file work17.csv (CSV, C-alpha atoms)
chain,number,residue,atom,x,y,z
A,906,MET,CA,10.4,38.1,17.8
A,907,ASN,CA,8.4,41.4,17.4
A,908,ASP,CA,6.9,42.0,14.0
A,909,LYS,CA,7.1,38.2,13.1
A,910,PHE,CA,3.7,36.7,12.2
A,911,LYS,CA,3.6,33.8,14.7
A,912,GLY,CA,-0.2,33.6,14.9
A,913,LEU,CA,-3.3,34.4,13.1
A,914,VAL,CA,-6.6,35.6,14.6
A,915,LEU,CA,-9.9,35.3,12.9
A,916,GLY,CA,-11.1,39.0,12.8
A,917,LEU,CA,-12.8,39.7,16.1
A,918,SER,CA,-14.8,36.5,16.3
A,919,LEU,CA,-12.5,34.6,18.6
A,920,GLY,CA,-12.6,37.3,21.4
A,921,VAL,CA,-14.1,40.7,22.0
A,922,MET,CA,-11.6,43.5,21.4
A,923,LEU,CA,-12.4,46.7,23.2
A,924,THR,CA,-11.7,50.1,21.6
A,925,GLY,CA,-9.0,50.9,24.2
A,926,SER,CA,-5.8,48.9,24.9
A,927,VAL,CA,-7.5,46.0,26.7
A,928,ALA,CA,-9.1,42.9,25.2
A,929,TYR,CA,-10.7,39.8,26.6
A,930,ALA,CA,-10.2,36.3,25.2
A,931,SER,CA,-11.6,33.2,26.7
A,932,GLY,CA,-12.4,35.0,29.9
A,933,THR,CA,-8.8,36.2,30.5
A,934,GLN,CA,-7.9,39.9,30.5
A,935,ILE,CA,-4.9,40.7,28.4
A,936,GLU,CA,-3.2,43.9,27.4
A,937,VAL,CA,-2.7,44.5,23.7
A,938,TYR,CA,-1.4,47.3,21.6
A,939,PHE,CA,-3.1,48.1,18.2
A,940,GLN,CA,-0.6,48.9,15.5
A,941,ASN,CA,-0.8,50.6,12.1
A,942,ILE,CA,0.8,47.7,10.3
A,943,LYS,CA,1.4,47.9,6.6
A,944,TYR,CA,0.4,44.8,4.7
A,945,MET,CA,2.1,44.0,1.4
A,946,PHE,CA,0.6,41.3,-1.0
A,947,ASP,CA,2.9,40.7,-3.9
A,948,GLY,CA,4.1,44.3,-3.7
A,949,ILE,CA,0.6,45.8,-3.4
A,950,VAL,CA,-0.5,47.5,-0.2
A,951,LYS,CA,-3.8,46.3,1.2
A,952,THR,CA,-5.5,47.6,4.4
A,953,PRO,CA,-8.0,45.7,6.5
A,954,THR,CA,-11.5,47.1,6.8
A,955,GLU,CA,-13.0,47.8,10.2
A,956,GLU,CA,-15.1,44.6,9.9
A,957,GLN,CA,-11.9,42.6,9.2
A,958,GLY,CA,-10.2,43.9,12.4
A,959,GLN,CA,-6.8,45.3,13.3
A,960,GLY,CA,-3.4,43.8,13.9
A,961,PHE,CA,-2.0,44.0,17.5
A,962,ILE,CA,1.0,42.9,19.6
A,963,TYR,CA,0.6,40.7,22.6
A,964,ASN,CA,3.4,39.2,24.6
A,965,GLY,CA,6.0,39.9,22.0
A,966,THR,CA,4.0,38.3,19.2
A,967,THR,CA,2.4,40.2,16.3
A,968,TYR,CA,-1.1,39.0,15.4
A,969,VAL,CA,-3.0,39.9,12.2
A,970,PRO,CA,-6.7,39.4,11.4
A,971,LEU,CA,-7.1,36.0,9.6
A,972,ARG,CA,-10.2,37.2,7.8
A,973,PHE,CA,-8.3,40.1,6.3
A,974,VAL,CA,-5.3,38.0,5.2
A,975,SER,CA,-7.5,35.2,3.8
A,976,GLU,CA,-9.9,37.5,1.9
A,977,ALA,CA,-6.9,39.5,0.6
A,978,LEU,CA,-5.7,36.2,-0.9
A,979,GLY,CA,-9.1,35.5,-2.4
A,980,LYS,CA,-10.0,32.9,0.3
A,981,GLU,CA,-13.4,32.8,2.0
A,982,VAL,CA,-13.4,32.5,5.8
A,983,GLN,CA,-16.1,30.9,7.8
A,984,TRP,CA,-16.5,30.1,11.5
A,985,ASP,CA,-18.3,26.9,12.5
A,986,GLY,CA,-19.3,27.3,16.1
A,987,ASP,CA,-20.7,23.7,16.3
A,988,THR,CA,-17.3,22.2,15.7
A,989,GLN,CA,-15.2,25.1,16.8
A,990,THR,CA,-13.5,25.1,13.4
A,991,VAL,CA,-12.2,27.9,11.2
A,992,TRP,CA,-12.7,27.2,7.5
A,993,VAL,CA,-10.4,29.0,5.1
A,994,GLY,CA,-11.5,28.6,1.6
A,995,LYS,CA,-14.3,26.4,0.6
A,996,LYS,CA,-16.1,24.8,3.6
A,997,VAL,CA,-16.2,21.1,3.2
A,998,ASP,CA,-19.6,19.5,3.8
A,999,MET,CA,-18.9,16.3,5.6
A,1000,ALA,CA,-22.4,15.0,4.9
A,1001,ALA,CA,-22.0,15.5,1.2
A,1002,VAL,CA,-22.3,12.2,-0.7
A,1003,VAL,CA,-19.2,11.3,-2.7
A,1004,ALA,CA,-20.3,7.8,-3.9
A,1005,THR,CA,-23.4,5.7,-4.1
A,1006,TYR,CA,-23.6,2.0,-4.5
A,1007,GLU,CA,-26.3,-0.7,-4.5
A,1008,GLY,CA,-27.6,-0.5,-0.9
A,1009,GLY,CA,-25.7,2.5,0.4
A,1010,GLN,CA,-23.7,5.7,0.1
A,1011,VAL,CA,-20.4,7.1,1.1
A,1012,THR,CA,-20.2,10.6,2.6
A,1013,ARG,CA,-17.2,13.0,2.6
A,1014,GLY,CA,-16.9,12.4,6.3
A,1015,ASP,CA,-16.7,8.6,5.7
A,1016,TYR,CA,-14.0,9.3,3.1
A,1017,GLU,CA,-11.9,11.6,5.3
A,1018,LYS,CA,-12.0,9.3,8.2
A,1019,PHE,CA,-11.0,6.2,6.2
A,1020,ALA,CA,-8.3,8.1,4.3
A,1021,TYR,CA,-6.8,9.4,7.6
A,1022,ILE,CA,-6.7,6.0,9.2
A,1023,LEU,CA,-5.4,4.3,6.1
A,1024,ARG,CA,-2.5,6.8,5.9
A,1025,MET,CA,-1.9,6.7,9.6
A,1026,THR,CA,-1.6,2.9,9.6
A,1027,ASN,CA,0.2,2.6,6.2
A,1028,PRO,CA,2.9,5.2,6.0
A,1029,GLN,CA,3.5,4.6,2.3
A,1030,TYR,CA,0.2,6.4,1.6
A,1031,GLY,CA,1.1,9.5,3.6
A,1032,ALA,CA,4.2,10.6,1.7
A,1033,LYS,CA,2.4,12.8,-0.8
A,1034,GLU,CA,-0.9,14.7,-1.4
A,1035,PRO,CA,-3.7,12.3,-2.4
A,1036,ASP,CA,-4.3,12.2,-6.1
A,1037,ASP,CA,-7.5,11.0,-7.9
A,1038,ALA,CA,-6.2,7.4,-8.0
A,1039,PHE,CA,-5.8,7.4,-4.2
A,1040,LYS,CA,-9.2,8.9,-3.7
A,1041,GLN,CA,-10.8,6.3,-5.9
A,1042,TYR,CA,-8.9,3.6,-4.1
A,1043,VAL,CA,-10.2,4.8,-0.7
A,1044,ILE,CA,-13.8,4.9,-1.9
A,1045,ASN,CA,-13.5,1.5,-3.4
A,1046,GLN,CA,-12.1,0.1,-0.1
A,1047,ILE,CA,-14.9,1.7,1.9
A,1048,ILE,CA,-17.6,0.2,-0.3
A,1049,ALA,CA,-15.8,-3.2,-0.6
A,1050,SER,CA,-15.4,-3.4,3.2
A,1051,ARG,CA,-19.1,-2.7,3.7
A,1052,ILE,CA,-20.3,-5.2,1.1
A,1053,ILE,CA,-17.9,-7.9,2.3
A,1054,ASN,CA,-19.0,-7.3,5.9
A,1055,SER,CA,-22.6,-7.9,4.8
A,1056,LYS,CA,-21.7,-11.3,3.3
A,1057,LEU,CA,-20.7,-12.6,6.7
A,1058,ASN,CA,-23.0,-14.4,9.0
A,1059,GLU,CA,-23.7,-13.0,12.5
A,1060,THR,CA,-21.2,-15.3,14.2
A,1061,ASP,CA,-18.4,-14.3,11.8
A,1062,ARG,CA,-19.3,-10.6,12.1
A,1063,ALA,CA,-19.2,-10.8,15.9
A,1064,GLU,CA,-15.9,-12.5,15.8
A,1065,ALA,CA,-14.5,-9.8,13.5
A,1066,LEU,CA,-15.6,-7.2,15.9
A,1067,GLU,CA,-14.1,-9.0,18.9
A,1068,SER,CA,-10.8,-9.4,17.0
A,1069,ALA,CA,-10.9,-5.6,16.1
A,1070,GLU,CA,-11.4,-4.7,19.7
A,1071,LYS,CA,-8.5,-6.8,20.8
A,1072,GLN,CA,-6.2,-5.3,18.1
A,1073,VAL,CA,-7.2,-1.8,19.0
A,1074,ALA,CA,-6.4,-2.6,22.7
A,1075,GLU,CA,-3.0,-4.0,21.7
A,1076,ALA,CA,-2.3,-0.8,19.7
A,1077,LYS,CA,-3.0,1.5,22.6
A,1078,SER,CA,0.5,3.0,22.8
A,1079,PHE,CA,0.5,3.6,19.1
A,1080,LEU,CA,-2.9,5.3,19.2
A,1081,ASP,CA,-2.1,7.3,22.4
A,1082,ALA,CA,1.0,8.8,20.7
A,1083,ARG,CA,-1.3,10.1,17.9
A,1084,ALA,CA,-4.3,11.0,20.1
A,1085,ALA,CA,-3.9,14.8,19.8
A,1086,ASP,CA,-3.8,14.7,16.0
A,1087,MET,CA,-6.6,12.2,15.8
A,1088,SER,CA,-8.7,14.5,18.0
A,1089,LYS,CA,-8.1,17.4,15.6
A,1090,GLN,CA,-9.2,15.2,12.7
A,1091,GLY,CA,-12.3,14.1,14.6
A,1092,ILE,CA,-11.1,10.4,14.7
A,1093,THR,CA,-12.4,8.4,17.6
A,1094,GLU,CA,-11.4,5.0,18.9
A,1095,SER,CA,-14.7,3.7,17.5
A,1096,ASP,CA,-13.6,4.9,14.1
A,1097,ILE,CA,-10.4,2.9,14.4
A,1098,ARG,CA,-12.3,-0.2,15.6
A,1099,ASN,CA,-14.7,0.0,12.7
A,1100,TYR,CA,-11.7,0.3,10.3
A,1101,VAL,CA,-10.0,-2.7,11.8
A,1102,GLN,CA,-13.2,-4.7,11.8
A,1103,GLY,CA,-13.6,-4.1,8.1
A,1104,VAL,CA,-10.1,-5.4,7.5
A,1105,VAL,CA,-10.7,-8.5,9.6
A,1106,ALA,CA,-14.1,-9.1,8.0
A,1107,THR,CA,-12.5,-9.0,4.6
A,1108,GLN,CA,-9.9,-11.5,5.6
A,1109,THR,CA,-12.5,-13.8,7.2
A,1110,TRP,CA,-14.6,-13.7,4.0
A,1111,LEU,CA,-11.6,-14.4,1.8
A,1112,ASP,CA,-10.6,-17.3,4.0
A,1113,SER,CA,-14.1,-18.7,3.6
A,1114,THR,CA,-13.7,-18.7,-0.2
A,1115,ALA,CA,-10.6,-20.9,0.1
A,1116,ASP,CA,-11.6,-23.4,2.7
A,1117,GLU,CA,-10.1,-26.9,3.0
A,1118,PRO,CA,-12.4,-28.7,0.4
A,1119,THR,CA,-11.9,-25.9,-2.1
A,1120,VAL,CA,-8.1,-26.0,-1.7
A,1121,LYS,CA,-8.0,-29.8,-2.0
A,1122,ALA,CA,-10.1,-29.7,-5.1
A,1123,ALA,CA,-7.7,-27.2,-6.7
A,1124,TYR,CA,-4.8,-29.4,-5.8
A,1125,ASP,CA,-6.4,-32.5,-7.3
A,1126,GLN,CA,-7.1,-30.5,-10.5
A,1127,ALA,CA,-3.4,-29.4,-10.6
A,1128,VAL,CA,-2.3,-33.0,-10.3
A,1129,ALA,CA,-4.6,-34.1,-13.1
A,1130,ASN,CA,-3.3,-31.3,-15.3
A,1131,ASN,CA,0.4,-32.0,-14.3
A,1132,ASP,CA,0.5,-28.3,-13.4
A,1133,GLU,CA,3.9,-26.8,-12.9
A,1134,SER,CA,2.8,-25.3,-9.6
A,1135,ILE,CA,3.0,-28.7,-7.9
A,1136,ILE,CA,6.1,-30.1,-9.6
A,1137,SER,CA,9.5,-30.3,-7.9
A,1138,ALA,CA,12.8,-31.5,-9.5
A,1139,SER,CA,16.4,-32.3,-8.7
A,1140,VAL,CA,18.5,-30.8,-11.4
A,1141,ARG,CA,22.2,-30.5,-12.3
A,1142,HIS,CA,23.3,-27.8,-14.7
A,1143,ILE,CA,26.4,-26.1,-16.0
A,1144,LEU,CA,26.0,-22.4,-16.7
A,1145,ILE,CA,28.2,-20.5,-19.2
A,1146,MET,CA,27.5,-16.8,-18.7
A,1147,LYS,CA,27.3,-14.3,-21.5
A,1148,GLU,CA,29.8,-12.1,-19.7
A,1149,ASP,CA,33.3,-12.9,-18.3
A,1150,ASP,CA,34.4,-12.4,-14.7
A,1151,ASN,CA,35.1,-8.7,-15.5
A,1152,GLY,CA,31.6,-8.1,-16.8
A,1153,LYS,CA,32.8,-7.9,-20.4
A,1154,ALA,CA,30.4,-9.4,-23.0
A,1155,ARG,CA,31.7,-12.5,-24.5
A,1156,THR,CA,31.5,-13.0,-28.2
A,1157,GLU,CA,29.2,-15.6,-29.7
A,1158,ALA,CA,32.3,-17.6,-30.7
A,1159,GLU,CA,33.7,-17.5,-27.2
A,1160,VAL,CA,30.5,-18.8,-25.7
A,1161,SER,CA,30.1,-21.5,-28.3
A,1162,GLN,CA,33.7,-22.7,-27.8
A,1163,LYS,CA,33.1,-23.1,-24.0
A,1164,LEU,CA,29.8,-24.9,-24.5
A,1165,LYS,CA,31.3,-27.3,-27.1
A,1166,GLU,CA,34.2,-28.1,-24.8
A,1167,VAL,CA,31.8,-29.0,-22.0
A,1168,GLN,CA,29.5,-31.0,-24.4
A,1169,ASP,CA,32.4,-33.0,-25.9
A,1170,LYS,CA,33.6,-34.0,-22.4
A,1171,LEU,CA,30.1,-35.1,-21.4
A,1172,LYS,CA,29.7,-37.1,-24.6
A,1173,ASN,CA,32.9,-38.8,-23.9
A,1174,GLY,CA,31.7,-40.0,-20.5
A,1175,GLY,CA,32.8,-37.1,-18.4
A,1176,ASP,CA,31.3,-36.8,-14.9
A,1177,PHE,CA,28.6,-34.1,-14.9
A,1178,ALA,CA,29.2,-33.1,-11.3
A,1179,ALA,CA,33.0,-32.8,-11.8
A,1180,LEU,CA,32.5,-30.8,-14.9
A,1181,ALA,CA,30.0,-28.5,-13.2
A,1182,LYS,CA,32.6,-27.7,-10.5
A,1183,GLN,CA,35.2,-27.0,-13.2
A,1184,TYR,CA,33.1,-25.0,-15.7
A,1185,SER,CA,29.8,-23.8,-14.2
A,1186,GLU,CA,29.6,-20.1,-13.5
A,1187,ASP,CA,26.6,-20.4,-11.3
A,1188,PRO,CA,27.8,-19.4,-7.8
A,1189,GLY,CA,24.8,-21.0,-6.2
A,1190,SER,CA,25.5,-24.5,-7.4
A,1191,SER,CA,28.9,-25.0,-9.0
A,1192,ASP,CA,30.6,-26.1,-5.7
A,1193,ASN,CA,27.8,-28.7,-5.3
A,1194,GLY,CA,28.4,-30.2,-8.7
A,1195,GLY,CA,25.7,-28.0,-10.3
A,1196,LEU,CA,23.0,-29.6,-8.2
A,1197,TYR,CA,19.7,-28.2,-7.0
A,1198,THR,CA,17.8,-30.8,-5.0
A,1199,ASN,CA,14.0,-31.2,-5.0
A,1200,GLU,CA,13.2,-27.6,-5.8
A,1201,PRO,CA,9.8,-26.2,-6.9
A,1202,VAL,CA,10.2,-25.7,-10.7
A,1203,VAL,CA,8.1,-22.5,-10.5
A,1204,LYS,CA,11.1,-20.7,-8.8
A,1205,TRP,CA,13.2,-20.9,-12.0
A,1206,THR,CA,13.2,-18.7,-15.0
A,1207,ASP,CA,10.8,-19.7,-17.8
A,1208,ALA,CA,13.2,-21.4,-20.2
A,1209,PHE,CA,15.0,-23.3,-17.5
A,1210,LYS,CA,11.6,-24.3,-15.9
A,1211,LYS,CA,10.3,-25.6,-19.2
A,1212,ALA,CA,13.4,-27.7,-19.7
A,1213,THR,CA,13.2,-29.3,-16.3
A,1214,ILE,CA,9.5,-30.2,-16.8
A,1215,SER,CA,9.9,-31.6,-20.3
A,1216,LEU,CA,13.4,-33.1,-20.4
A,1217,GLU,CA,13.7,-36.9,-20.1
A,1218,LEU,CA,15.2,-38.0,-16.8
A,1219,ASN,CA,19.0,-38.3,-16.8
A,1220,LYS,CA,19.3,-37.1,-20.4
A,1221,ILE,CA,21.6,-34.2,-21.1
A,1222,SER,CA,20.0,-31.2,-22.8
A,1223,ASP,CA,21.2,-29.0,-25.6
A,1224,PRO,CA,22.2,-25.5,-24.3
A,1225,VAL,CA,19.2,-23.7,-22.9
A,1226,GLU,CA,19.4,-19.9,-23.1
A,1227,THR,CA,18.1,-17.7,-20.3
A,1228,GLU,CA,18.9,-14.2,-19.2
A,1229,TYR,CA,21.8,-15.5,-17.2
A,1230,GLY,CA,23.5,-17.3,-20.1
A,1231,TYR,CA,23.5,-20.9,-21.5
A,1232,HIS,CA,22.7,-23.9,-19.4
A,1233,ILE,CA,23.5,-27.6,-20.0
A,1234,ILE,CA,20.9,-29.4,-17.9
A,1235,ARG,CA,20.3,-32.9,-16.6
A,1236,VAL,CA,17.2,-33.7,-14.6
A,1237,GLU,CA,17.8,-36.4,-12.0
A,1238,SER,CA,14.3,-36.7,-10.6
A,1239,ARG,CA,10.9,-35.1,-10.9
A,1240,THR,CA,8.1,-35.4,-8.4
A,1241,THR,CA,4.6,-34.2,-7.6
A,1242,ARG,CA,4.7,-32.1,-4.4
A,1243,SER,CA,2.4,-33.4,-1.6
A,1244,TYR,CA,-0.8,-31.7,-0.7
A,1245,ASP,CA,0.5,-30.7,2.7
A,1246,ASP,CA,3.6,-29.1,1.1
A,1247,VAL,CA,1.6,-26.8,-1.2
A,1248,LYS,CA,-1.8,-26.3,0.4
A,1249,GLU,CA,-0.9,-22.9,1.9
A,1250,THR,CA,0.4,-21.7,-1.5
A,1251,ILE,CA,-2.7,-22.9,-3.2
A,1252,LYS,CA,-4.9,-21.2,-0.6
A,1253,ASN,CA,-3.1,-17.9,-1.0
A,1254,GLN,CA,-3.4,-18.2,-4.8
A,1255,LEU,CA,-7.1,-18.8,-4.5
A,1256,ILE,CA,-7.5,-15.9,-2.1
A,1257,ASP,CA,-5.6,-13.5,-4.4
A,1258,LYS,CA,-7.7,-14.7,-7.3
A,1259,ASN,CA,-11.0,-14.3,-5.5
A,1260,TYR,CA,-10.1,-10.8,-4.1
A,1261,ASN,CA,-9.1,-9.6,-7.6
A,1262,GLN,CA,-12.3,-11.1,-9.0
A,1263,PHE,CA,-14.3,-9.2,-6.4
A,1264,MET,CA,-12.5,-5.9,-6.8
A,1265,THR,CA,-12.4,-5.9,-10.6
A,1266,LYS,CA,-15.7,-7.5,-11.5
A,1267,GLU,CA,-18.3,-7.6,-8.7
A,1268,LEU,CA,-17.5,-4.3,-7.0
A,1269,PRO,CA,-17.6,-2.1,-10.1
A,1270,ALA,CA,-20.9,-3.5,-11.0
A,1271,LEU,CA,-22.3,-2.4,-7.6
A,1272,ILE,CA,-21.0,1.2,-7.7
A,1273,GLU,CA,-23.6,3.5,-9.2
A,1274,HIS,CA,-21.9,6.9,-9.0
A,1275,VAL,CA,-18.6,8.5,-7.7
A,1276,ASP,CA,-17.9,12.2,-7.2
A,1277,LEU,CA,-14.3,12.3,-6.1
A,1278,PRO,CA,-13.6,14.7,-3.3
A,1279,LYS,CA,-11.9,18.0,-4.4

call {"tool": "encode", "arguments": {"input": "work17.csv", "output": "structure tokens"}}
result
Amino acid sequence: MNDKFKGLVLGLSLGVMLTGSVAYASGTQIEVYFQNIKYMFDGIVKTPTEEQGQGFIYNGTTYVPLRFVSEALGKEVQWDGDTQTVWVGKKVDMAAVVATYEGGQVTRGDYEKFAYILRMTNPQYGAKEPDDAFKQYVINQIIASRIINSKLNETDRAEALESAEKQVAEAKSFLDARAADMSKQGITESDIRNYVQGVVATQTWLDSTADEPTVKAAYDQAVANNDESIISASVRHILIMKEDDNGKARTEAEVSQKLKEVQDKLKNGGDFAALAKQYSEDPGSSDNGGLYTNEPVVKWTDAFKKATISLELNKISDPVETEYGYHIIRVESRTTRSYDDVKETIKNQLIDKNYNQFMTKELPALIEHVDLPK
């Protein structure tokens, strides 16, 4: 492995090199050999200055001065003794303000910690380098979390903290496996707990915006409006697809002929269920006589849904076109879904609506300035 650059040393600042063959590093005496190493940068020879240090070999590994390499590449090098950190390139000021909002500010350190934890707990964010959209998302989430947390009363805030502590304890094995990397990034268990508390606080607040009376009022309004979200129907249909069994597109004449054949038999008193078994090309219902029983109409494609809502009961429709083909439909029953059946759906809809309202309307109005991290 001689002459392979396996490590980089920051000039002479990480240990005191003597002029002879012996150097001291971290209190341990080691024997090194200084070498006249030639350094080529894109075909150009560059030589380190005395201040930048010399390369040497120790224990089969060739070390070169980091300051020399970095400065040869046009990168500034700084040593932060307080944090024991080597900065190559621009030193990031973690106290620098990257965003201000009504009542507070976000520092670069706040951003880096939140972004790290977000990517650690949500792998989909860690696959690529953060772009401006991701940076803006992180800043928005930090501010949103703080504002929402301030909306909670003391009891809810304490419960959010208690829940966060419990979740962090339950995630001990997950965090222990990442402890070394977290330490390098300056992430503490307290940082994780604060992040989780923010998530819990947000959910607590959103739940409070969709409490039982609010959900019940939304249900009553949906009933009064005959809203499709609370309607179920039992429907039989016969589907004639636009393509044949081999995936070949049928001509308009071929489709019309099959539809007319079915319609004529129905007009002559043919049994709908029997004809569905014979003609329908819907694999999900043909064996059942084309029947879908007491299904929420919102699950169906728009044209089919509209027909099931508007069609007179037990009347046979004209062909209804959807992306699947042409449907001949008969609605056998139509009911209003009970409150207990739909209350969770309504609650989730209200939560989504309130969250989107907060993120797109209230939050932007509170943010005063953003300077995205570079």

call {"tool": "residues_near_point", "arguments": {"input": "work17.csv", "point": "(-13.3, 40.0, -0.9)", "cutoff": "12 Å", "atoms": "only C-alpha atoms", "output": "mmCIF file with C-alpha atoms, in the coordinates of the input"}}
result
data_model
loop_
_atom_site.group_PDB
_atom_site.id
_atom_site.type_symbol
_atom_site.label_atom_id
_atom_site.label_comp_id
_atom_site.auth_asym_id
_atom_site.auth_seq_id
_atom_site.Cartn_x
_atom_site.Cartn_y
_atom_site.Cartn_z
ATOM 1 C CA LYS A 951 -3.800 46.300 1.200
ATOM 2 C CA PRO A 953 -8.000 45.700 6.500
ATOM 3 C CA THR A 954 -11.500 47.100 6.800
ATOM 4 C CA GLU A 956 -15.100 44.600 9.900
ATOM 5 C CA GLN A 957 -11.900 42.600 9.200
ATOM 6 C CA ARG A 972 -10.200 37.200 7.800
ATOM 7 C CA PHE A 973 -8.300 40.100 6.300
ATOM 8 C CA VAL A 974 -5.300 38.000 5.200
ATOM 9 C CA SER A 975 -7.500 35.200 3.800
ATOM 10 C CA GLU A 976 -9.900 37.500 1.900
ATOM 11 C CA ALA A 977 -6.900 39.500 0.600
ATOM 12 C CA LEU A 978 -5.700 36.200 -0.900
ATOM 13 C CA GLY A 979 -9.100 35.500 -2.400
ATOM 14 C CA LYS A 980 -10.000 32.900 0.300
ATOM 15 C CA GLU A 981 -13.400 32.800 2.000
ATOM 16 C CA VAL A 982 -13.400 32.500 5.800
ATOM 17 C CA GLY A 994 -11.500 28.600 1.600
#

call {"tool": "atom_distance", "arguments": {"input": "work17.csv", "atom1": "atom CA of Asp1015 of chain A", "atom2": "atom CA of Ala1076 of chain A"}}
result
22.2 Å

call {"tool": "closest_residue", "arguments": {"input": "work17.csv", "among": "A:Ala1212, A:Ile1256, A:Val1202, A:Leu1218", "to": "Thr1241 of chain A", "atoms": "all atoms listed in the file"}}
result
A:Val1202

call {"tool": "atom_distance", "arguments": {"input": "work17.csv", "atom1": "atom CA of Gln1090 of chain A", "atom2": "atom CA of Gln1010 of chain A"}}
result
21.4 Å

call {"tool": "atom_distance", "arguments": {"input": "work17.csv", "atom1": "atom CA of Gln1041 of chain A", "atom2": "atom CA of Val1275 of chain A"}}
result
8.3 Å

call {"tool": "residues_around", "arguments": {"input": "work17.csv", "residues": "Tyr1100 of chain A", "least_positions_apart": "3", "cutoff": "8 Å", "atoms": "all atoms listed in the file", "output": "ChimeraX atom specification"}}
result
/A:1019,1022,1096-1097,1103-1104

call {"tool": "write_last_selection", "arguments": {"input": "work17.csv", "atoms": "C-alpha atoms", "output": "compact mmCIF listing (two decimals), in the frame of the given file"}}
result
# COMPACT_ATOMS: atom_id res chain seq x y z
CA PHE A 1019 -11.00 6.20 6.20
CA ILE A 1022 -6.70 6.00 9.20
CA ASP A 1096 -13.60 4.90 14.10
CA ILE A 1097 -10.40 2.90 14.40
CA GLY A 1103 -13.60 -4.10 8.10
CA VAL A 1104 -10.10 -5.40 7.50

call {"tool": "residues_around", "arguments": {"input": "work17.csv", "residues": "segment 1034-1040 of chain A", "least_positions_apart": "6", "cutoff": "12 Å", "atoms": "only C-alpha atoms", "output": "ChimeraX atom specification"}}
result
/A:1003-1004,1013,1016-1017,1019-1021,1023-1024,1046-1047,1275-1279

call {"tool": "write_last_selection", "arguments": {"input": "work17.csv", "atoms": "C-alpha atoms", "output": "short mmCIF file (atom, residue, chain, number, x, y, z; two decimals), keeping the file's coordinate frame"}}
result
data_model
loop_
_atom_site.label_atom_id
_atom_site.label_comp_id
_atom_site.auth_asym_id
_atom_site.auth_seq_id
_atom_site.Cartn_x
_atom_site.Cartn_y
_atom_site.Cartn_z
CA VAL A 1003 -19.20 11.30 -2.70
CA ALA A 1004 -20.30 7.80 -3.90
CA ARG A 1013 -17.20 13.00 2.60
CA TYR A 1016 -14.00 9.30 3.10
CA GLU A 1017 -11.90 11.60 5.30
CA PHE A 1019 -11.00 6.20 6.20
CA ALA A 1020 -8.30 8.10 4.30
CA TYR A 1021 -6.80 9.40 7.60
CA LEU A 1023 -5.40 4.30 6.10
CA ARG A 1024 -2.50 6.80 5.90
CA GLN A 1046 -12.10 0.10 -0.10
CA ILE A 1047 -14.90 1.70 1.90
CA VAL A 1275 -18.60 8.50 -7.70
CA ASP A 1276 -17.90 12.20 -7.20
CA LEU A 1277 -14.30 12.30 -6.10
CA PRO A 1278 -13.60 14.70 -3.30
CA LYS A 1279 -11.90 18.00 -4.40
#

call {"tool": "residues_around", "arguments": {"input": "work17.csv", "residues": "segment 1140-1145 of chain A", "least_positions_apart": "6", "cutoff": "7 Å", "atoms": "only C-alpha atoms", "output": "MDAnalysis selection string"}}
result
chainID A and resid 1181 1184:1187 1195:1198 1230:1237

call {"tool": "decode", "arguments": {"input": "work17.csv", "residues": "segment 1180-1211 of chain A", "atoms": "C-alpha atoms", "output": "PDB file, in the first residue's frame"}}
result
ATOM      1  CA  LEU A1180     -76.251 -11.158 -19.183  1.00  0.00           C
ATOM      2  CA  ALA A1181     -73.472  -9.661 -17.050  1.00  0.00           C
ATOM      3  CA  LYS A1182     -72.005 -13.131 -16.573  1.00  0.00           C
ATOM      4  CA  GLN A1183     -72.230 -13.714 -20.321  1.00  0.00           C
ATOM      5  CA  TYR A1184     -71.039 -10.356 -21.686  1.00  0.00           C
ATOM      6  CA  SER A1185     -69.333  -8.248 -19.031  1.00  0.00           C
ATOM      7  CA  GLU A1186     -65.566  -7.929 -19.345  1.00  0.00           C
ATOM      8  CA  ASP A1187     -65.056  -6.634 -15.821  1.00  0.00           C
ATOM      9  CA  PRO A1188     -63.070  -9.391 -14.052  1.00  0.00           C
ATOM     10  CA  GLY A1189     -64.019  -7.954 -10.661  1.00  0.00           C
ATOM     11  CA  SER A1190     -67.775  -8.417 -11.008  1.00  0.00           C
ATOM     12  CA  SER A1191     -68.782 -10.475 -14.059  1.00  0.00           C
ATOM     13  CA  ASP A1192     -68.879 -13.772 -12.146  1.00  0.00           C
ATOM     14  CA  ASN A1193     -71.120 -12.074  -9.579  1.00  0.00           C
ATOM     15  CA  GLY A1194     -73.633 -10.928 -12.153  1.00  0.00           C
ATOM     16  CA  GLY A1195     -71.950  -7.539 -12.465  1.00  0.00           C
ATOM     17  CA  LEU A1196     -72.796  -6.658  -8.860  1.00  0.00           C
ATOM     18  CA  TYR A1197     -70.956  -4.297  -6.529  1.00  0.00           C
ATOM     19  CA  THR A1198     -72.712  -4.200  -3.154  1.00  0.00           C
ATOM     20  CA  ASN A1199     -73.007  -1.106  -0.959  1.00  0.00           C
ATOM     21  CA  GLU A1200     -69.800   0.514  -2.207  1.00  0.00           C
ATOM     22  CA  PRO A1201     -68.798   4.151  -1.544  1.00  0.00           C
ATOM     23  CA  VAL A1202     -69.405   5.886  -4.858  1.00  0.00           C
ATOM     24  CA  VAL A1203     -66.258   8.001  -4.488  1.00  0.00           C
ATOM     25  CA  LYS A1204     -64.140   4.925  -5.236  1.00  0.00           C
ATOM     26  CA  TRP A1205     -65.377   4.823  -8.836  1.00  0.00           C
ATOM     27  CA  THR A1206     -64.176   6.785 -11.839  1.00  0.00           C
ATOM     28  CA  ASP A1207     -65.979  10.104 -12.383  1.00  0.00           C
ATOM     29  CA  ALA A1208     -68.386   9.173 -15.190  1.00  0.00           C
ATOM     30  CA  PHE A1209     -69.378   5.913 -13.491  1.00  0.00           C
ATOM     31  CA  LYS A1210     -69.774   7.680 -10.140  1.00  0.00           C
ATOM     32  CA  LYS A1211     -71.956  10.406 -11.637  1.00  0.00           C
TER      33      LYS A1211
END
